[in-house]
>>> print(open('structure.txt').read())   # compact mmCIF, C-alpha atoms
# COMPACT_ATOMS: atom_id res chain seq x y z
CA MET P 1265 55.27 154.86 86.03
CA ILE P 1266 57.39 157.84 87.03
CA GLU P 1267 60.28 158.88 84.81
CA VAL P 1268 63.25 160.72 86.32
CA SER P 1269 65.41 162.81 83.99
CA ALA P 1270 68.36 164.98 84.93
CA CYS P 1271 70.77 167.25 83.09
CA LEU P 1272 73.66 169.64 83.69
CA PRO P 1273 72.59 172.81 81.81
CA ARG P 1274 76.09 174.34 81.61
CA GLY P 1275 77.83 171.16 80.50
CA SER P 1276 79.72 168.29 82.08
CA VAL P 1277 83.07 169.95 82.93
CA TYR P 1278 83.76 172.04 86.06
CA LEU P 1279 86.66 173.46 88.02
CA ALA P 1280 87.17 172.38 91.62
CA GLY P 1281 85.55 175.11 93.72
CA GLU P 1282 82.75 175.78 91.25
CA THR P 1283 79.07 175.13 91.87
CA VAL P 1284 77.50 172.21 90.02
CA LYS P 1285 73.93 172.95 88.98
CA SER P 1286 71.59 170.17 87.90
CA GLN P 1287 67.95 170.23 86.83
CA ILE P 1288 66.01 167.12 87.87
CA THR P 1289 62.52 166.44 86.51
CA PHE P 1290 60.00 163.85 87.73
CA SER P 1291 57.22 162.98 85.27
CA ASN P 1292 54.22 160.68 85.45
CA THR P 1293 54.23 159.03 82.03
CA SER P 1294 50.92 157.21 82.45
CA GLN P 1295 48.34 157.67 79.66
CA ASN P 1296 45.42 156.94 81.98
CA PRO P 1297 44.01 160.25 83.32
CA SER P 1298 42.95 158.60 86.59
CA ASP P 1299 46.44 157.22 87.27
CA THR P 1300 48.19 158.99 90.15
CA ASP P 1301 51.64 157.89 91.20
CA SER P 1302 53.86 158.96 94.09
CA LEU P 1303 57.41 158.82 95.40
CA ALA P 1304 58.34 158.61 99.07
CA TRP P 1305 61.51 160.72 98.80
CA SER P 1306 64.43 161.78 96.63
CA SER P 1307 67.98 162.88 97.51
CA VAL P 1308 71.02 164.05 95.55
CA GLN P 1309 74.73 163.80 96.30
CA ILE P 1310 78.11 164.25 94.58
CA ILE P 1311 80.66 161.46 94.97
CA CYS P 1312 84.17 160.80 93.64
CA GLN P 1313 85.33 157.20 93.31
CA CYS P 1314 88.99 156.15 93.17
CA SER P 1315 89.77 152.77 91.65
CA VAL P 1316 93.29 151.37 91.30
CA SER P 1317 95.10 148.52 89.58
CA GLU P 1318 95.71 145.92 92.28
CA SER P 1319 98.81 144.69 90.45
CA ARG P 1320 100.47 148.14 90.63
CA VAL P 1321 98.99 149.95 93.63
CA HIS P 1322 98.92 148.89 97.26
CA LEU P 1323 96.81 151.16 99.44
CA PRO P 1324 97.49 151.46 103.18
CA LYS P 1325 95.01 149.78 105.51
CA SER P 1326 93.44 153.13 106.27
CA GLN P 1327 92.60 153.48 102.56
CA GLN P 1328 91.57 149.94 101.65
CA LEU P 1329 89.04 149.66 98.85
CA SER P 1330 85.44 149.13 99.90
CA THR P 1331 82.78 147.71 97.62
CA GLU P 1332 79.13 148.22 98.55
CA GLU P 1333 77.03 145.08 98.31
CA VAL P 1334 74.03 145.38 96.04
CA SER P 1335 70.78 144.36 97.73
CA THR P 1336 68.83 141.90 95.61
CA THR P 1337 66.04 141.01 98.00
CA GLY P 1338 63.90 142.90 100.43
CA CYS P 1339 63.33 146.65 100.60
CA ASP P 1340 66.22 149.06 100.86
CA THR P 1341 65.18 152.37 102.36
CA SER P 1342 68.66 153.92 102.63
CA PHE P 1343 70.32 156.24 100.13
CA VAL P 1344 73.78 154.81 99.33
CA PRO P 1345 75.14 156.79 96.33
CA ASN P 1346 78.21 154.55 95.90
CA LYS P 1347 76.16 151.34 95.91
CA GLY P 1348 77.57 148.94 93.34
CA GLU P 1349 80.56 151.19 92.65
CA ARG P 1350 84.05 149.68 92.69
CA GLY P 1351 86.80 151.41 94.59
CA LEU P 1352 87.23 153.90 97.38
CA THR P 1353 84.96 156.90 97.86
CA VAL P 1354 87.39 159.81 98.27
CA LEU P 1355 84.78 162.58 98.16
CA SER P 1356 81.17 162.63 99.28
CA THR P 1357 79.18 165.82 99.70
CA LYS P 1358 76.29 166.09 102.11
CA PRO P 1359 73.10 164.63 100.63
CA ARG P 1360 70.39 167.13 99.71
CA ILE P 1361 66.74 166.13 100.09
CA LEU P 1362 64.67 167.23 97.10
CA PHE P 1363 61.28 166.27 98.51
CA CYS P 1364 59.27 163.87 100.65
CA ASP P 1365 55.98 162.33 99.51
CA LEU P 1366 55.66 163.66 95.94
CA LYS P 1367 52.37 162.89 94.16
CA LEU P 1368 52.00 163.32 90.40
CA SER P 1369 48.88 163.00 88.28
CA ALA P 1370 49.01 161.42 84.82
CA GLY P 1371 51.04 163.64 82.47
CA GLU P 1372 52.17 165.90 85.33
CA SER P 1373 55.84 166.86 85.79
CA LYS P 1374 57.75 168.67 88.48
CA SER P 1375 61.32 169.96 88.29
CA PHE P 1376 63.87 170.65 91.02
CA ILE P 1377 67.20 172.47 90.97
CA TYR P 1378 70.16 170.92 92.77
CA GLU P 1379 73.27 172.99 93.49
CA ASP P 1380 76.42 172.05 95.37
CA VAL P 1381 80.05 173.19 95.48
CA ILE P 1382 82.95 170.94 94.50
CA PRO P 1383 85.60 171.29 97.23
CA VAL P 1384 88.72 173.09 95.98
CA ASP P 1385 90.99 170.37 97.41
CA SER P 1386 89.28 167.63 95.39
CA PRO P 1387 91.31 165.41 93.04
CA PRO P 1388 90.75 165.90 89.30
CA SER P 1389 88.98 163.47 87.01
CA TYR P 1390 91.62 161.10 85.72
CA LYS P 1391 91.84 157.75 83.93
CA GLY P 1392 95.39 156.47 84.05
CA GLN P 1393 97.08 153.11 83.74
CA ALA P 1394 97.00 152.39 87.49
CA VAL P 1395 94.66 154.98 89.05
CA LYS P 1396 91.26 156.36 88.11
CA TYR P 1397 89.24 159.22 89.66
CA SER P 1398 85.62 159.57 88.48
CA TYR P 1399 82.86 161.97 89.53
CA LYS P 1400 79.10 161.46 89.48
CA VAL P 1401 75.99 163.34 90.54
CA THR P 1402 73.91 160.56 92.08
CA ILE P 1403 70.13 160.89 92.46
CA GLY P 1404 68.24 158.45 94.65
CA ALA P 1405 64.47 158.02 94.66
CA GLN P 1406 62.14 155.47 96.20
CA LYS P 1407 58.52 154.46 95.98
CA PHE P 1408 56.74 153.27 99.09
CA ASN P 1409 57.73 149.69 100.02
CA GLN P 1410 60.06 149.37 97.04
CA PRO P 1411 63.88 149.36 96.64
CA THR P 1412 65.75 152.61 96.04
CA LYS P 1413 66.53 153.45 92.43
CA LEU P 1414 69.68 155.39 91.51
CA ILE P 1415 70.43 157.59 88.52
CA ARG P 1416 74.03 158.67 87.94
CA MET P 1417 75.33 161.57 85.87
CA PRO P 1418 79.11 161.49 85.26
CA PHE P 1419 80.93 164.80 84.98
CA ARG P 1420 84.54 165.95 84.75
CA VAL P 1421 86.48 167.99 87.31
CA MET P 1422 89.66 169.96 86.59
CA VAL P 1423 91.85 171.34 89.38
CA LEU P 1424 93.68 174.67 89.39
CA HIS P 1425 95.87 174.97 92.47
CA GLY P 1426 95.92 178.29 94.28
CA LEU P 1427 92.17 178.98 94.39
CA ASN P 1428 91.72 178.06 98.07
CA ASP P 1429 91.38 181.73 99.03
CA ILE P 1430 89.91 183.70 96.14
CA SER P 1431 89.93 186.89 98.22
CA VAL P 1432 93.62 187.21 97.32
CA TYR P 1433 92.63 187.78 93.69
CA THR P 1434 89.69 190.13 94.26
CA GLU P 1435 90.21 193.71 93.26
CA GLY P 1436 90.67 196.25 95.99
CA GLU P 1437 88.62 199.41 96.30
CA GLU P 1438 89.71 202.05 93.81
CA VAL P 1439 89.86 205.66 94.88
CA SER P 1440 87.69 207.59 92.43
CA PRO P 1441 85.42 210.64 92.55
CA SER P 1442 82.04 209.70 94.01
CA ASN P 1443 78.75 210.80 92.49
CA PRO P 1444 75.95 211.20 95.07
CA PHE P 1445 73.32 210.73 92.35
CA LEU P 1446 74.57 207.28 91.25
CA LYS P 1447 74.20 204.07 93.18
CA PRO P 1448 77.64 202.56 93.85
CA GLN P 1449 78.26 199.34 91.95
CA GLN P 1450 80.11 196.50 93.59
CA SER P 1451 81.89 194.21 91.17
CA GLU P 1452 82.53 190.67 92.38
CA ASN P 1453 84.50 188.28 90.23
CA SER P 1454 83.31 184.70 90.14
CA LEU P 1455 85.68 181.80 90.76
CA LEU P 1456 85.63 181.00 87.05
CA ASP P 1457 86.62 184.57 86.14
CA ILE P 1458 89.46 184.52 88.65
CA ALA P 1459 90.63 181.12 87.41
CA MET P 1460 90.76 182.40 83.83
CA GLN P 1461 92.84 185.39 84.96
CA VAL P 1462 95.25 183.11 86.82
CA LEU P 1463 95.55 180.78 83.82
CA SER P 1464 96.23 183.69 81.47
CA THR P 1465 99.01 184.87 83.76
CA VAL P 1466 100.80 181.56 84.35
CA THR P 1467 100.58 180.45 80.70
CA ALA P 1468 101.49 183.81 79.13
CA ARG P 1469 104.42 183.83 76.72
CA LYS P 1470 107.55 185.14 78.41
CA ALA P 1471 111.21 185.01 77.37
CA PRO P 1472 111.88 182.06 75.04
CA HIS P 1473 113.92 179.13 76.32
CA SER P 1474 116.90 177.99 74.24
CA TYR P 1475 118.49 174.53 74.47
CA ASN P 1476 121.69 173.29 72.83
CA ILE P 1477 121.30 169.65 71.84
CA THR P 1478 124.66 167.89 71.85
CA ASN P 1479 126.13 164.42 72.13
CA ALA P 1480 129.64 163.13 72.80
CA LYS P 1481 130.77 163.99 69.24
CA GLY P 1482 129.48 167.53 68.94
CA LYS P 1483 126.45 169.78 68.53
CA VAL P 1484 123.32 168.49 66.82
CA ALA P 1485 120.96 171.47 66.89
CA LYS P 1486 119.52 174.33 68.91
CA PHE P 1487 115.90 174.10 70.07
CA ILE P 1488 113.85 177.16 71.04
CA LEU P 1489 110.64 176.80 73.06
CA PHE P 1490 108.62 179.98 73.46
CA LYS P 1491 107.08 178.99 76.81
CA GLN P 1492 106.95 176.02 79.19
CA ALA P 1493 103.41 176.37 80.61
CA TYR P 1494 100.33 175.61 78.51
CA LYS P 1495 96.57 175.28 78.81
CA LEU P 1496 94.62 172.31 77.52
CA GLY P 1497 93.83 172.84 73.84
CA GLU P 1498 96.87 175.04 73.16
CA ASP P 1499 99.60 174.26 70.63
CA ILE P 1500 103.19 173.65 71.70
CA VAL P 1501 105.30 175.58 69.20
CA GLY P 1502 109.06 175.19 68.98
CA VAL P 1503 111.84 175.91 66.48
CA PHE P 1504 114.84 173.77 65.52
CA ASN P 1505 117.99 175.43 64.18
CA PHE P 1506 120.52 173.04 62.57
CA THR P 1507 122.77 175.68 60.95
CA ASP P 1508 125.44 175.55 63.68
CA GLY P 1509 125.29 171.78 64.09
CA THR P 1510 128.47 169.74 63.62
CA ILE P 1511 126.70 166.35 63.66
CA PRO P 1512 124.32 165.61 60.74
CA CYS P 1513 120.77 164.97 61.98
CA VAL P 1514 118.83 162.68 59.64
CA GLN P 1515 115.49 162.55 61.44
CA TYR P 1516 113.88 163.74 64.64
CA SER P 1517 110.61 163.16 66.46
CA VAL P 1518 108.89 164.95 69.34
CA THR P 1519 106.17 163.21 71.38
CA LEU P 1520 103.86 164.70 74.01
CA GLN P 1521 103.87 162.27 76.95
CA SER P 1522 102.44 162.05 80.46
CA GLU P 1523 104.21 160.36 83.37
CA GLU P 1524 102.14 158.58 86.00
CA GLN P 1525 104.15 157.97 89.15
CA ILE P 1526 102.74 156.09 92.14
CA SER P 1527 103.81 157.37 95.57
CA GLU P 1528 106.40 155.22 97.35
CA GLU P 1529 104.08 154.07 100.13
CA CYS P 1530 101.48 152.90 97.59
CA ARG P 1531 103.76 151.04 95.17
CA LYS P 1532 103.16 147.32 94.85
CA LYS P 1533 106.85 146.70 94.09
CA PRO P 1534 109.80 148.73 95.44
CA GLY P 1535 111.44 149.16 92.02
CA GLN P 1536 108.24 149.98 90.19
CA GLY P 1537 108.83 152.44 87.37
CA THR P 1538 106.82 155.31 85.93
CA ALA P 1539 103.97 154.62 83.53
CA VAL P 1540 104.34 156.69 80.35
CA THR P 1541 101.47 157.47 77.95
CA SER P 1542 102.06 159.05 74.53
CA TYR P 1543 99.49 161.40 72.98
CA VAL P 1544 100.68 163.41 69.96
CA LYS P 1545 103.82 162.77 67.88
CA HIS P 1546 105.58 165.01 65.36
CA GLN P 1547 108.19 163.35 63.12
CA GLU P 1548 110.25 164.88 60.32
CA MET P 1549 113.21 164.10 58.06
CA CYS P 1550 115.72 166.93 58.51
CA LEU P 1551 118.93 166.07 56.67
CA HIS P 1552 120.47 169.27 55.22
CA THR P 1553 117.63 171.29 56.80
CA ALA P 1554 118.60 174.69 58.18
CA LYS P 1555 115.51 175.51 60.26
CA THR P 1556 112.19 173.84 60.96
CA HIS P 1557 109.46 173.95 63.60
CA ILE P 1558 107.06 171.75 65.54
CA ASN P 1559 103.38 172.35 66.33
CA ILE P 1560 101.95 169.84 68.80
CA PRO P 1561 98.33 170.30 69.96
CA ILE P 1562 97.46 169.41 73.56
CA PRO P 1563 94.22 167.37 73.66
CA LEU P 1564 91.34 169.00 75.55
CA THR P 1565 90.50 165.59 76.98
CA ALA P 1566 93.90 165.23 78.71
CA THR P 1567 94.37 165.66 82.47
CA PRO P 1568 96.59 168.56 83.62
CA CYS P 1569 99.44 168.12 86.10
CA PHE P 1570 98.33 167.11 89.59
CA ILE P 1571 99.43 165.24 92.70
CA THR P 1572 97.51 163.29 95.36
CA ASP P 1573 98.46 160.93 98.16
CA ILE P 1574 98.39 158.05 95.66
CA VAL P 1575 99.62 159.32 92.31
CA CYS P 1576 101.51 162.19 90.66
CA LEU P 1577 100.99 163.16 87.01
CA ARG P 1578 103.61 165.11 85.09
CA TRP P 1579 104.05 166.07 81.42
CA ARG P 1580 107.06 166.14 79.14
CA LEU P 1581 108.23 166.41 75.54
CA HIS P 1582 110.13 163.29 74.48
CA PHE P 1583 112.74 163.94 71.76
CA GLU P 1584 114.42 161.33 69.60
CA PHE P 1585 117.25 162.31 67.23
CA VAL P 1586 118.70 160.01 64.58
CA THR P 1587 122.18 161.28 63.78
CA SER P 1588 124.76 160.10 61.25
CA SER P 1589 128.03 158.69 62.55
CA ASP P 1590 129.80 159.84 59.35
CA PRO P 1591 129.72 163.20 57.55
CA ILE P 1592 127.24 163.40 54.67
CA SER P 1593 128.24 165.71 51.85
CA GLU P 1594 125.69 168.09 50.41
CA SER P 1595 125.28 168.62 46.67
CA GLU P 1596 126.62 171.84 45.20
CA ARG P 1597 123.96 174.48 44.79
CA PRO P 1598 123.67 176.06 41.30
CA THR P 1599 124.84 179.63 41.04
CA ASN P 1600 121.92 180.50 38.79
CA MET P 1601 118.56 180.29 40.52
CA ASP P 1602 116.91 179.19 37.26
CA ASP P 1603 119.09 176.06 37.06
CA ALA P 1604 118.09 172.81 38.71
CA ALA P 1605 120.27 170.37 40.64
CA SER P 1606 119.68 166.88 41.93
CA TRP P 1607 121.22 165.07 44.87
CA ARG P 1608 121.27 161.36 45.57
CA GLY P 1609 121.75 160.27 49.13
CA PRO P 1610 123.99 157.40 50.20
CA ALA P 1611 122.58 153.88 50.02
CA THR P 1612 123.37 153.20 53.67
CA ILE P 1613 124.04 155.44 56.67
CA ASN P 1614 125.58 154.53 59.98
CA VAL P 1615 123.27 156.17 62.50
CA GLU P 1616 122.97 156.66 66.23
CA THR P 1617 119.83 157.49 68.22
CA MET P 1618 119.78 159.87 71.16
CA VAL P 1619 116.82 160.74 73.38
CA TRP P 1620 116.00 163.74 75.54
CA ASP P 1621 113.07 164.55 77.83
CA LEU P 1622 111.98 168.14 78.46
CA PRO P 1623 109.50 168.69 81.34
CA ILE P 1624 106.59 171.08 80.69
CA LYS P 1625 103.58 172.28 82.70
CA ILE P 1626 100.02 171.73 81.53
CA TYR P 1627 97.15 173.58 83.22
CA PRO P 1628 93.35 173.40 82.86
CA THR P 1629 91.41 175.48 80.39
CA SER P 1630 87.95 177.02 80.47
CA PRO P 1631 85.51 174.28 81.55
CA ILE P 1632 82.92 175.71 79.16
CA HIS P 1633 85.36 175.24 76.29
CA ALA P 1634 86.26 171.74 77.45
CA SER P 1635 82.56 170.79 77.66
CA CYS P 1636 82.26 171.17 73.89
CA VAL P 1637 84.49 168.15 73.22
CA THR P 1638 83.96 166.00 76.31
CA MET P 1639 82.71 162.45 75.76
CA LEU P 1640 80.52 162.52 78.89
CA LYS P 1641 76.76 162.87 78.57
CA SER P 1642 75.31 165.88 80.40
CA GLY P 1643 71.99 164.12 81.09
CA SER P 1644 70.50 160.81 82.22
CA CYS P 1645 67.06 159.21 82.49
CA VAL P 1646 65.53 156.30 84.42
CA GLN P 1647 62.06 154.97 85.10
CA ILE P 1648 60.82 154.11 88.57
>>> encode(input="structure.txt", output="structure tokens")
Amino acid sequence: MIEVSACLPRGSVYLAGETVKSQITFSNTSQNPSDTDSLAWSSVQIICQCSVSESRVHLPKSQQLSTEEVSTTGCDTSFVPNKGERGLTVLSTKPRILFCDLKLSAGESKSFIYEDVIPVDSPPSYKGQAVKYSYKVTIGAQKFNQPTKLIRMPFRVMVLHGLNDISVYTEGEEVSPSNPFLKPQQSENSLLDIAMQVLSTVTARKAPHSYNITNAKGKVAKFILFKQAYKLGEDIVGVFNFTDGTIPCVQYSVTLQSEEQISEECRKKPGQGTAVTSYVKHQEMCLHTAKTHINIPIPLTATPCFITDIVCLRWRLHFEFVTSSDPISESERPTNMDDAASWRGPATINVETMVWDLPIKIYPTSPIHASCVTMLKSGSCVQI
């Protein structure tokens, strides 16, 4: 019996354009010293499967879903990495042959390193209400005259647009005094280093954005957002100022939401709306409050903004304000700070609810950081 184990040493999250590195080990687990086992061949390939909800998404004929039939009888000598997978294969790298005719003695193991680059124009990993993109490193191996066995390692891909030509971000040659006794050092930034520099630039705090929240009767509050672009794992911090409001605000809530919109040519119904998913909600009673703030964390497991031929994902902050239709008097404050005062609110309040959506941008974060909280396993094992 030969056991095949594989792992992703760096973790299970990568940026599109990075190199995926996997260590694959083949071990003869037999306890009999005279037992020698062999494999005819083994190949590795990266695939990305796209599956959709048939009730919401209609793919053109050129992109119809294809399901590979699983062979139950006879011997299958072909390597089909998407065998048994549901959906359309939107990405398939060239298969890499690890070996041909591998023989292992009892207790012997042999390891191989597989490396391949994720194309920069790949879609990100995503699990939405109508569309799903999933990545796997698929390893195929076969014994002589036996069916092919597959081992799949799922991993996550994040996409940062603008990394198609990394030479734009490389540093130019600096004019500096040369030393003939020192060997010149050439510094080359990796794609991950460049991506982190780009993310730091686009998500840096700039001038704060101020919004006056009003309805037909007057001003409710002023909202200040310090920036509109965030990385996964960051906190969205904003400040409410009710001091200049003419309409009493009793309660407010802010919810981080994603909007999944299917492209027009792929919609099942012409009037199909946008699918909204809520993640984090902040709610607070604010009657007679002068200033307050929100702090909404962005989950590391969320998918940043992206667009493909099938779906577009956007992010927003959804505000709900509960305002009073009638003025609410405030209790008189004591002139002496040592004195106490109590205030009893009205038994009933005539209220109105107003909503507001504020678009924001969410970008990827460091894949090494995201690997610490991902739910995907970075290793798999199967016996052949």
>>> residues_near_point(input="structure.txt", point="(101.7, 158.1, 77.0)", cutoff="10 Å", atoms="all atoms listed in the file", output="list in words")
Gly1392, Gln1393, Thr1519, Leu1520, Gln1521, Ser1522, Glu1523, Glu1524, Ala1539, Val1540, Thr1541, Ser1542, Tyr1543, Val1544, Trp1579 and Arg1580 of chain P
>>> atom_distance(input="structure.txt", atom1="CA of Ala1304 (chain P)", atom2="CA of Thr1289 (chain P)")
15.4 Å
>>> closest_residue(input="structure.txt", among="P:Val1575, P:Asp1457, P:Ser1291, P:Val1277", to="Glu1372 (chain P)", atoms="only C-alpha atoms")
P:Ser1291
>>> atom_distance(input="structure.txt", atom1="CA of Arg1350 (chain P)", atom2="CA of Ser1315 (chain P)")
6.6 Å
>>> atom_distance(input="structure.txt", atom1="CA of Leu1368 (chain P)", atom2="CA of Gln1309 (chain P)")
23.5 Å
>>> closest_residue(input="structure.txt", among="P:Asn1296, P:Thr1283, P:Thr1617, P:Ser1319", to="Pro1383 (chain P)", atoms="all atoms listed in the file")
P:Thr1283
>>> residues_near_point(input="structure.txt", point="(51.0, 156.5, 84.2)", cutoff="12 Å", atoms="all atoms listed in the file", output="list in words")
Met1265, Ile1266, Glu1267, Ser1291, Asn1292, Thr1293, Ser1294, Gln1295, Asn1296, Pro1297, Ser1298, Asp1299, Thr1300, Asp1301, Ser1302, Lys1367, Leu1368, Ser1369, Ala1370, Gly1371, Glu1372, Ser1373, Gln1647 and Ile1648 of chain P
>>> closest_residue(input="structure.txt", among="P:Ile1511, P:Ile1361, P:Ala1554, P:Leu1427", to="Ile1477 (chain P)", atoms="only C-alpha atoms")
P:Ile1511
>>> closest_residue(input="structure.txt", among="P:His1322, P:Lys1481, P:His1473, P:His1633", to="Met1618 (chain P)", atoms="all atoms listed in the file")
P:Lys1481
>>> residues_around(input="structure.txt", residues="Asn1614 (chain P)", least_positions_apart="2", cutoff="8 Å", atoms="only C-alpha atoms", output="short mmCIF file (atom, residue, chain, number, x, y, z; two decimals) with C-alpha atoms, keeping the file's coordinate frame")
data_model
loop_
_atom_site.label_atom_id
_atom_site.label_comp_id
_atom_site.auth_asym_id
_atom_site.auth_seq_id
_atom_site.Cartn_x
_atom_site.Cartn_y
_atom_site.Cartn_z
CA SER P 1588 124.76 160.10 61.25
CA SER P 1589 128.03 158.69 62.55
CA ASP P 1590 129.80 159.84 59.35
CA THR P 1612 123.37 153.20 53.67
CA GLU P 1616 122.97 156.66 66.23
#
>>> residues_around(input="structure.txt", residues="Ser1286 (chain P)", least_positions_apart="5", cutoff="6 Å", atoms="all atoms listed in the file", output="PyMOL selection string")
chain P and resi 1271-1272+1377-1378
>>> closest_residue(input="structure.txt", among="P:Arg1274, P:His1582, P:Lys1625, P:Arg1320", to="Thr1538 (chain P)", atoms="all atoms listed in the file")
P:Arg1320
>>> closest_residue(input="structure.txt", among="P:Arg1469, P:His1546, P:Arg1360, P:His1557", to="Val1503 (chain P)", atoms="only C-alpha atoms")
P:His1557
>>> axis_aligned_box(input="structure.txt", around="region 1622-1630 of chain P", padding_each_side="8 Å", output="AutoDock Vina command-line options")
--center_x 100.0 --center_y 172.6 --center_z 80.8 --size_x 40.0 --size_y 24.9 --size_z 20.8
>>> residues_around(input="structure.txt", residues="region 1563-1567 of chain P", least_positions_apart="6", cutoff="7 Å", atoms="all atoms listed in the file", output="ChimeraX atom specification")
/P:1390,1496-1497,1634,1638
